[in-house]
Each structure stands twice: as structure tokens, then as C-alpha cells.
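Here is the file coords21.cif (mmCIF, C-alpha atoms, pLDDT in the B column; chains and numbers go by the auth columns).
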data_protein
loop_
_atom_site.group_PDB
_atom_site.id
_atom_site.type_symbol
_atom_site.label_atom_id
_atom_site.label_comp_id
_atom_site.label_asym_id
_atom_site.label_seq_id
_atom_site.Cartn_x
_atom_site.Cartn_y
_atom_site.Cartn_z
_atom_site.B_iso_or_equiv
_atom_site.auth_seq_id
_atom_site.auth_asym_id
ATOM 1 C CA MET A 1 9.886 -11.637 -0.473 49.00 1 P
ATOM 2 C CA SER A 2 8.756 -8.523 -2.299 68.00 2 P
ATOM 3 C CA ASP A 3 8.611 -5.041 -0.774 85.00 3 P
ATOM 4 C CA TRP A 4 5.385 -4.392 -2.672 89.00 4 P
ATOM 5 C CA PRO A 5 2.008 -5.106 -1.040 90.00 5 P
ATOM 6 C CA SER A 6 -0.996 -6.030 -3.184 92.00 6 P
ATOM 7 C CA THR A 7 -3.226 -2.998 -3.512 94.00 7 P
ATOM 8 C CA LYS A 8 -6.105 -1.552 -5.513 96.00 8 P
ATOM 9 C CA ALA A 9 -5.444 0.290 -8.779 95.00 9 P
ATOM 10 C CA ARG A 10 -7.175 3.473 -7.542 95.00 10 P
ATOM 11 C CA ARG A 11 -4.699 3.681 -4.650 96.00 11 P
ATOM 12 C CA VAL A 12 -1.736 3.236 -7.013 96.00 12 P
ATOM 13 C CA LEU A 13 -3.053 5.944 -9.360 96.00 13 P
ATOM 14 C CA ALA A 14 -3.497 8.322 -6.413 96.00 14 P
ATOM 15 C CA ALA A 15 0.099 7.625 -5.317 96.00 15 P
ATOM 16 C CA LEU A 16 1.369 8.304 -8.849 97.00 16 P
ATOM 17 C CA GLN A 17 -0.483 11.612 -8.893 97.00 17 P
ATOM 18 C CA ARG A 18 1.026 12.562 -5.525 96.00 18 P
ATOM 19 C CA ILE A 19 4.552 12.048 -6.905 95.00 19 P
ATOM 20 C CA GLY A 20 3.898 14.269 -9.927 96.00 20 P
ATOM 21 C CA TRP A 21 2.204 12.171 -12.611 97.00 21 P
ATOM 22 C CA ARG A 22 -0.910 13.603 -14.251 97.00 22 P
ATOM 23 C CA VAL A 23 -3.552 12.049 -16.494 96.00 23 P
ATOM 24 C CA LYS A 24 -2.850 13.378 -19.991 96.00 24 P
ATOM 25 C CA ARG A 25 -5.794 11.602 -21.618 95.00 25 P
ATOM 26 C CA GLU A 26 -8.248 8.884 -20.741 93.00 26 P
ATOM 27 C CA ALA A 27 -10.328 6.342 -22.664 91.00 27 P
ATOM 28 C CA SER A 28 -12.291 3.859 -20.571 84.00 28 P
ATOM 29 C CA SER A 29 -9.863 2.202 -18.138 83.00 29 P
ATOM 30 C CA HIS A 30 -6.773 3.280 -20.115 93.00 30 P
ATOM 31 C CA ARG A 31 -5.071 6.418 -18.850 95.00 31 P
ATOM 32 C CA VAL A 32 -1.985 7.958 -20.418 97.00 32 P
ATOM 33 C CA LEU A 33 0.128 9.463 -17.656 97.00 33 P
ATOM 34 C CA ALA A 34 2.680 12.225 -18.137 97.00 34 P
ATOM 35 C CA ARG A 35 5.418 13.669 -15.930 96.00 35 P
ATOM 36 C CA ASP A 36 8.202 16.084 -16.837 95.00 36 P
ATOM 37 C CA GLY A 37 11.458 14.275 -17.518 94.00 37 P
ATOM 38 C CA TRP A 38 9.787 10.851 -17.946 95.00 38 P
ATOM 39 C CA PRO A 39 8.335 9.127 -21.019 95.00 39 P
ATOM 40 C CA TYR A 40 4.550 8.726 -21.142 95.00 40 P
ATOM 41 C CA THR A 41 3.208 5.563 -19.573 95.00 41 P
ATOM 42 C CA VAL A 42 -0.157 3.849 -19.944 95.00 42 P
ATOM 43 C CA PHE A 43 -2.039 2.917 -16.786 95.00 43 P
ATOM 44 C CA ALA A 44 -4.583 0.353 -18.006 95.00 44 P
ATOM 45 C CA PHE A 45 -6.370 -0.902 -14.912 94.00 45 P
ATOM 46 C CA HIS A 46 -9.910 -0.569 -13.567 93.00 46 P
ATOM 47 C CA ASP A 47 -10.064 1.311 -10.252 90.00 47 P
ATOM 48 C CA GLY A 48 -11.189 -1.706 -8.213 93.00 48 P
ATOM 49 C CA GLU A 49 -8.678 -4.116 -9.733 94.00 49 P
ATOM 50 C CA GLU A 50 -6.124 -5.646 -7.360 96.00 50 P
ATOM 51 C CA LEU A 51 -2.493 -5.161 -8.451 96.00 51 P
ATOM 52 C CA GLY A 52 0.026 -7.670 -7.163 94.00 52 P
ATOM 53 C CA PRO A 53 3.677 -7.197 -6.213 94.00 53 P
ATOM 54 C CA ARG A 54 5.018 -8.190 -9.627 94.00 54 P
ATOM 55 C CA MET A 55 2.894 -5.658 -11.524 94.00 55 P
ATOM 56 C CA LEU A 56 3.700 -2.934 -8.996 95.00 56 P
ATOM 57 C CA ALA A 57 7.423 -3.601 -9.445 94.00 57 P
ATOM 58 C CA ARG A 58 7.019 -3.259 -13.224 94.00 58 P
ATOM 59 C CA LEU A 59 5.143 0.016 -12.815 95.00 59 P
ATOM 60 C CA ALA A 60 7.823 1.263 -10.443 94.00 60 P
ATOM 61 C CA LYS A 61 10.528 0.815 -13.084 94.00 61 P
ATOM 62 C CA ARG A 62 8.587 2.994 -15.513 95.00 62 P
ATOM 63 C CA THR A 63 7.311 5.612 -13.072 95.00 63 P
ATOM 64 C CA GLY A 64 9.713 5.936 -10.138 94.00 64 P
ATOM 65 C CA LEU A 65 7.061 4.753 -7.688 95.00 65 P
ATOM 66 C CA ARG A 66 8.389 3.386 -4.371 94.00 66 P
ATOM 67 C CA PRO A 67 6.657 1.128 -1.817 92.00 67 P
ATOM 68 C CA ASP A 68 6.551 3.948 0.742 92.00 68 P
ATOM 69 C CA ASP A 69 4.637 6.155 -1.776 91.00 69 P
ATOM 70 C CA LEU A 70 1.607 3.902 -1.343 88.00 70 P
#

Would you give me this structure, written as C-alpha cells?
Amino acid sequence: MSDWPSTKARRVLAALQRIGWRVKREASSHRVLARDGWPYTVFAFHDGEELGPRMLARLAKRTGLRPDDL
């Protein structure tokens, strides 16, 4: 069983911003996120889109996000 709950993309983006990521640039639903000491990452989800545990785990590897950050 995964530690990640399914959640909306807007909630995940808010959690990423709380842990230090910022939106570097934006075009439609694609946002390039930046954080010091980390490579850029693209967050390409509409705000109302539901993200499942597998996608959240993939994002966590690239961003340092943890389940308790949500």
C-alpha cells in the first residue's frame, strides 16, 4: 500500500510552494518550477486534475515532496 493519497493538482502545487519551490514560468497548464539546489522540474497538470499515488511518488523523487507535506 502506498503512503500517498490521491489528491488534486492545486493542492500538490501549494505543498511544493510551501517547501520552497516557485513558479519560474508558466504556459497554460505547464509550470516550470525552480528551487535552489534542485534541477528545474515541469509541473504539467490542470488545477482540478486528480493525481494518484504513483504520480505523486514520481514527483516526490524529483522535488523532495513527502506525504506529510500535503

Might you spell out which residues the PyMOL selection byres ((chain P and resi 8) around 8) would select in the displayed file, as an mmCIF file with C-alpha atoms, keeping the file's coordinate frame?
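Output file selection_21.cif follows:
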data_model
loop_
_atom_site.group_PDB
_atom_site.id
_atom_site.type_symbol
_atom_site.label_atom_id
_atom_site.label_comp_id
_atom_site.auth_asym_id
_atom_site.auth_seq_id
_atom_site.Cartn_x
_atom_site.Cartn_y
_atom_site.Cartn_z
ATOM 1 C CA SER P 6 -0.996 -6.030 -3.184
ATOM 2 C CA THR P 7 -3.226 -2.998 -3.512
ATOM 3 C CA ALA P 9 -5.444 0.290 -8.779
ATOM 4 C CA ARG P 10 -7.175 3.473 -7.542
ATOM 5 C CA ARG P 11 -4.699 3.681 -4.650
ATOM 6 C CA VAL P 12 -1.736 3.236 -7.013
ATOM 7 C CA ASP P 47 -10.064 1.311 -10.252
ATOM 8 C CA GLY P 48 -11.189 -1.706 -8.213
ATOM 9 C CA GLU P 49 -8.678 -4.116 -9.733
ATOM 10 C CA GLU P 50 -6.124 -5.646 -7.360
ATOM 11 C CA LEU P 51 -2.493 -5.161 -8.451
#

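Proximity ranking of P:Leu70, P:Met55, P:Ala44, P:Ala15 relative to Ala27 of chain P places P:Ala44 first, based on only C-alpha atoms.
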
List, as a compact mmCIF listing (two decimals) with C-alpha atoms, in the coordinates of the input, every residue that the PyMOL selection byres ((chain P and resi 28) around 10) selects in the file provided.
# COMPACT_ATOMS: atom_id res chain seq x y z
CA GLU P 26 -8.25 8.88 -20.74
CA ALA P 27 -10.33 6.34 -22.66
CA SER P 29 -9.86 2.20 -18.14
CA HIS P 30 -6.77 3.28 -20.11
CA ARG P 31 -5.07 6.42 -18.85
CA ALA P 44 -4.58 0.35 -18.01
CA PHE P 45 -6.37 -0.90 -14.91
CA HIS P 46 -9.91 -0.57 -13.57

**Item:** Output of the PyMOL selection byres ((chain P and resi 38) around 10), listed as number ranges by chain
**Value:** P: 21, 33-37, 39-41, 62-64

Atoms to include: C-alpha atoms. Write the selected residues as a PDB file, in the coordinates of the input.
ATOM      1  CA  TRP P  21       2.204  12.171 -12.611  1.00 97.00           C
ATOM      2  CA  LEU P  33       0.128   9.463 -17.656  1.00 97.00           C
ATOM      3  CA  ALA P  34       2.680  12.225 -18.137  1.00 97.00           C
ATOM      4  CA  ARG P  35       5.418  13.669 -15.930  1.00 96.00           C
ATOM      5  CA  ASP P  36       8.202  16.084 -16.837  1.00 95.00           C
ATOM      6  CA  GLY P  37      11.458  14.275 -17.518  1.00 94.00           C
ATOM      7  CA  PRO P  39       8.335   9.127 -21.019  1.00 95.00           C
ATOM      8  CA  TYR P  40       4.550   8.726 -21.142  1.00 95.00           C
ATOM      9  CA  THR P  41       3.208   5.563 -19.573  1.00 95.00           C
ATOM     10  CA  ARG P  62       8.587   2.994 -15.513  1.00 95.00           C
ATOM     11  CA  THR P  63       7.311   5.612 -13.072  1.00 95.00           C
ATOM     12  CA  GLY P  64       9.713   5.936 -10.138  1.00 94.00           C
TER      13      GLY P  64
END

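Atom CA of Lys61 of chain P is found 17.2 Å from atom CA of Arg22 of chain P.
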
**Asked** How many Å lie between atom CA of Pro5 of chain P and atom CA of Arg25 of chain P, rounded to one decimal?
**Response**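 Computing it gives 27.6 Å between the two atoms.
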
**Message:** Given the point (7.9, -4.5, 0.3) in the file's coordinates, find the residues that have an atom at most 10 Å from it, counting only C-alpha atoms, and give them as a list in words.
**Reply:**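 These residues have at least one counted atom within 10 Å: Met1, Ser2, Asp3, Trp4, Pro5, Ser6, Pro53, Ala57, Arg66, Pro67 and Asp68 of chain P.
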
Can those selected residues be exported to a file as a tab-separated table (two decimals), in the frame of the given file so that it contains C-alpha atoms?
chain	number	residue	atom	x	y	z
P	1	MET	CA	9.89	-11.64	-0.47
P	2	SER	CA	8.76	-8.52	-2.30
P	3	ASP	CA	8.61	-5.04	-0.77
P	4	TRP	CA	5.38	-4.39	-2.67
P	5	PRO	CA	2.01	-5.11	-1.04
P	6	SER	CA	-1.00	-6.03	-3.18
P	53	PRO	CA	3.68	-7.20	-6.21
P	57	ALA	CA	7.42	-3.60	-9.44
P	66	ARG	CA	8.39	3.39	-4.37
P	67	PRO	CA	6.66	1.13	-1.82
P	68	ASP	CA	6.55	3.95	0.74

**Asked** Separation of atom CA of Gly52 of chain P and atom CA of Leu13 of chain P, in Å?
**Response** 14.1 Å

Around all of segment 4-22 of chain P's listed atoms, make the axis-aligned box with 3 Å on each side and tell me centre and edge lengths in Å to one decimal, as AutoDock Vina command-line options.
--center_x -0.9 --center_y 4.1 --center_z -7.6 --size_x 18.6 --size_y 26.3 --size_z 19.2

Quick one: segment 34-45 of chain P with all heavy atoms, as a JSON list (two decimals), in the coordinates of the input?
[["chain", "number", "residue", "atom", "x", "y", "z"],
["P", 34, "ALA", "N", 1.53, 11.42, -17.72],
["P", 34, "ALA", "CA", 2.68, 12.22, -18.14],
["P", 34, "ALA", "C", 3.32, 12.85, -16.91],
["P", 34, "ALA", "O", 2.65, 13.17, -15.93],
["P", 34, "ALA", "CB", 2.22, 13.32, -19.09],
["P", 35, "ARG", "N", 4.65, 13.00, -16.98],
["P", 35, "ARG", "CA", 5.42, 13.67, -15.93],
["P", 35, "ARG", "C", 6.66, 14.24, -16.60],
["P", 35, "ARG", "O", 7.29, 13.58, -17.43],
["P", 35, "ARG", "CB", 5.80, 12.67, -14.85],
["P", 35, "ARG", "CG", 6.58, 13.27, -13.70],
["P", 35, "ARG", "CD", 6.89, 12.21, -12.66],
["P", 35, "ARG", "NE", 7.70, 12.76, -11.59],
["P", 35, "ARG", "CZ", 8.24, 12.04, -10.63],
["P", 35, "ARG", "NH1", 8.05, 10.72, -10.60],
["P", 35, "ARG", "NH2", 8.97, 12.59, -9.69],
["P", 36, "ASP", "N", 7.02, 15.45, -16.25],
["P", 36, "ASP", "CA", 8.20, 16.08, -16.84],
["P", 36, "ASP", "C", 9.44, 15.23, -16.58],
["P", 36, "ASP", "O", 9.68, 14.77, -15.46],
["P", 36, "ASP", "CB", 8.41, 17.48, -16.25],
["P", 36, "ASP", "CG", 7.33, 18.45, -16.70],
["P", 36, "ASP", "OD1", 6.70, 18.20, -17.74],
["P", 36, "ASP", "OD2", 7.12, 19.47, -16.00],
["P", 37, "GLY", "N", 10.22, 15.03, -17.63],
["P", 37, "GLY", "CA", 11.46, 14.28, -17.52],
["P", 37, "GLY", "C", 11.29, 12.77, -17.64],
["P", 37, "GLY", "O", 12.27, 12.03, -17.54],
["P", 38, "TRP", "N", 10.07, 12.28, -17.82],
["P", 38, "TRP", "CA", 9.79, 10.85, -17.95],
["P", 38, "TRP", "C", 9.01, 10.61, -19.23],
["P", 38, "TRP", "O", 8.21, 11.45, -19.64],
["P", 38, "TRP", "CB", 8.93, 10.37, -16.78],
["P", 38, "TRP", "CG", 9.62, 10.39, -15.45],
["P", 38, "TRP", "CD1", 9.84, 11.48, -14.66],
["P", 38, "TRP", "CD2", 10.18, 9.28, -14.77],
["P", 38, "TRP", "NE1", 10.48, 11.11, -13.52],
["P", 38, "TRP", "CE2", 10.71, 9.76, -13.55],
["P", 38, "TRP", "CE3", 10.28, 7.93, -15.05],
["P", 38, "TRP", "CZ2", 11.33, 8.93, -12.64],
["P", 38, "TRP", "CZ3", 10.88, 7.10, -14.12],
["P", 38, "TRP", "CH2", 11.41, 7.61, -12.94],
["P", 39, "PRO", "N", 9.19, 9.45, -19.86],
["P", 39, "PRO", "CA", 8.34, 9.13, -21.02],
["P", 39, "PRO", "C", 6.90, 8.83, -20.56],
["P", 39, "PRO", "O", 6.69, 8.44, -19.42],
["P", 39, "PRO", "CB", 8.99, 7.88, -21.62],
["P", 39, "PRO", "CG", 9.83, 7.31, -20.54],
["P", 39, "PRO", "CD", 10.19, 8.44, -19.62],
["P", 40, "TYR", "N", 5.94, 9.05, -21.46],
["P", 40, "TYR", "CA", 4.55, 8.73, -21.14],
["P", 40, "TYR", "C", 4.45, 7.26, -20.76],
["P", 40, "TYR", "O", 5.20, 6.42, -21.23],
["P", 40, "TYR", "CB", 3.63, 8.96, -22.34],
["P", 40, "TYR", "CG", 3.54, 10.38, -22.81],
["P", 40, "TYR", "CD1", 3.49, 10.68, -24.15],
["P", 40, "TYR", "CD2", 3.48, 11.42, -21.90],
["P", 40, "TYR", "CE1", 3.40, 11.99, -24.59],
["P", 40, "TYR", "CE2", 3.40, 12.74, -22.33],
["P", 40, "TYR", "CZ", 3.36, 13.01, -23.67],
["P", 40, "TYR", "OH", 3.27, 14.31, -24.10],
["P", 41, "THR", "N", 3.48, 6.96, -19.91],
["P", 41, "THR", "CA", 3.21, 5.56, -19.57],
["P", 41, "THR", "C", 1.70, 5.36, -19.56],
["P", 41, "THR", "O", 0.94, 6.28, -19.26],
["P", 41, "THR", "CB", 3.85, 5.17, -18.22],
["P", 41, "THR", "OG1", 3.75, 3.78, -18.06],
["P", 41, "THR", "CG2", 3.21, 5.88, -17.06],
["P", 42, "VAL", "N", 1.27, 4.17, -19.91],
["P", 42, "VAL", "CA", -0.16, 3.85, -19.94],
["P", 42, "VAL", "C", -0.51, 3.08, -18.67],
["P", 42, "VAL", "O", 0.12, 2.09, -18.34],
["P", 42, "VAL", "CB", -0.51, 3.01, -21.19],
["P", 42, "VAL", "CG1", -1.98, 2.62, -21.16],
["P", 42, "VAL", "CG2", -0.19, 3.78, -22.46],
["P", 43, "PHE", "N", -1.52, 3.57, -17.98],
["P", 43, "PHE", "CA", -2.04, 2.92, -16.79],
["P", 43, "PHE", "C", -3.37, 2.32, -17.19],
["P", 43, "PHE", "O", -4.35, 3.04, -17.38],
["P", 43, "PHE", "CB", -2.20, 3.96, -15.67],
["P", 43, "PHE", "CG", -2.53, 3.36, -14.33],
["P", 43, "PHE", "CD1", -1.54, 2.86, -13.52],
["P", 43, "PHE", "CD2", -3.85, 3.33, -13.89],
["P", 43, "PHE", "CE1", -1.84, 2.33, -12.28],
["P", 43, "PHE", "CE2", -4.16, 2.80, -12.65],
["P", 43, "PHE", "CZ", -3.16, 2.29, -11.85],
["P", 44, "ALA", "N", -3.41, 1.01, -17.41],
["P", 44, "ALA", "CA", -4.58, 0.35, -18.01],
["P", 44, "ALA", "C", -5.25, -0.61, -17.03],
["P", 44, "ALA", "O", -5.33, -1.81, -17.27],
["P", 44, "ALA", "CB", -4.17, -0.39, -19.27],
["P", 45, "PHE", "N", -5.73, -0.08, -15.93],
["P", 45, "PHE", "CA", -6.37, -0.90, -14.91],
["P", 45, "PHE", "C", -7.67, -0.25, -14.47],
["P", 45, "PHE", "O", -7.76, 0.98, -14.37],
["P", 45, "PHE", "CB", -5.46, -1.06, -13.68],
["P", 45, "PHE", "CG", -4.11, -1.61, -14.01],
["P", 45, "PHE", "CD1", -3.01, -0.77, -14.09],
["P", 45, "PHE", "CD2", -3.93, -2.95, -14.26],
["P", 45, "PHE", "CE1", -1.76, -1.27, -14.40],
["P", 45, "PHE", "CE2", -2.69, -3.46, -14.57],
["P", 45, "PHE", "CZ", -1.60, -2.62, -14.64]]
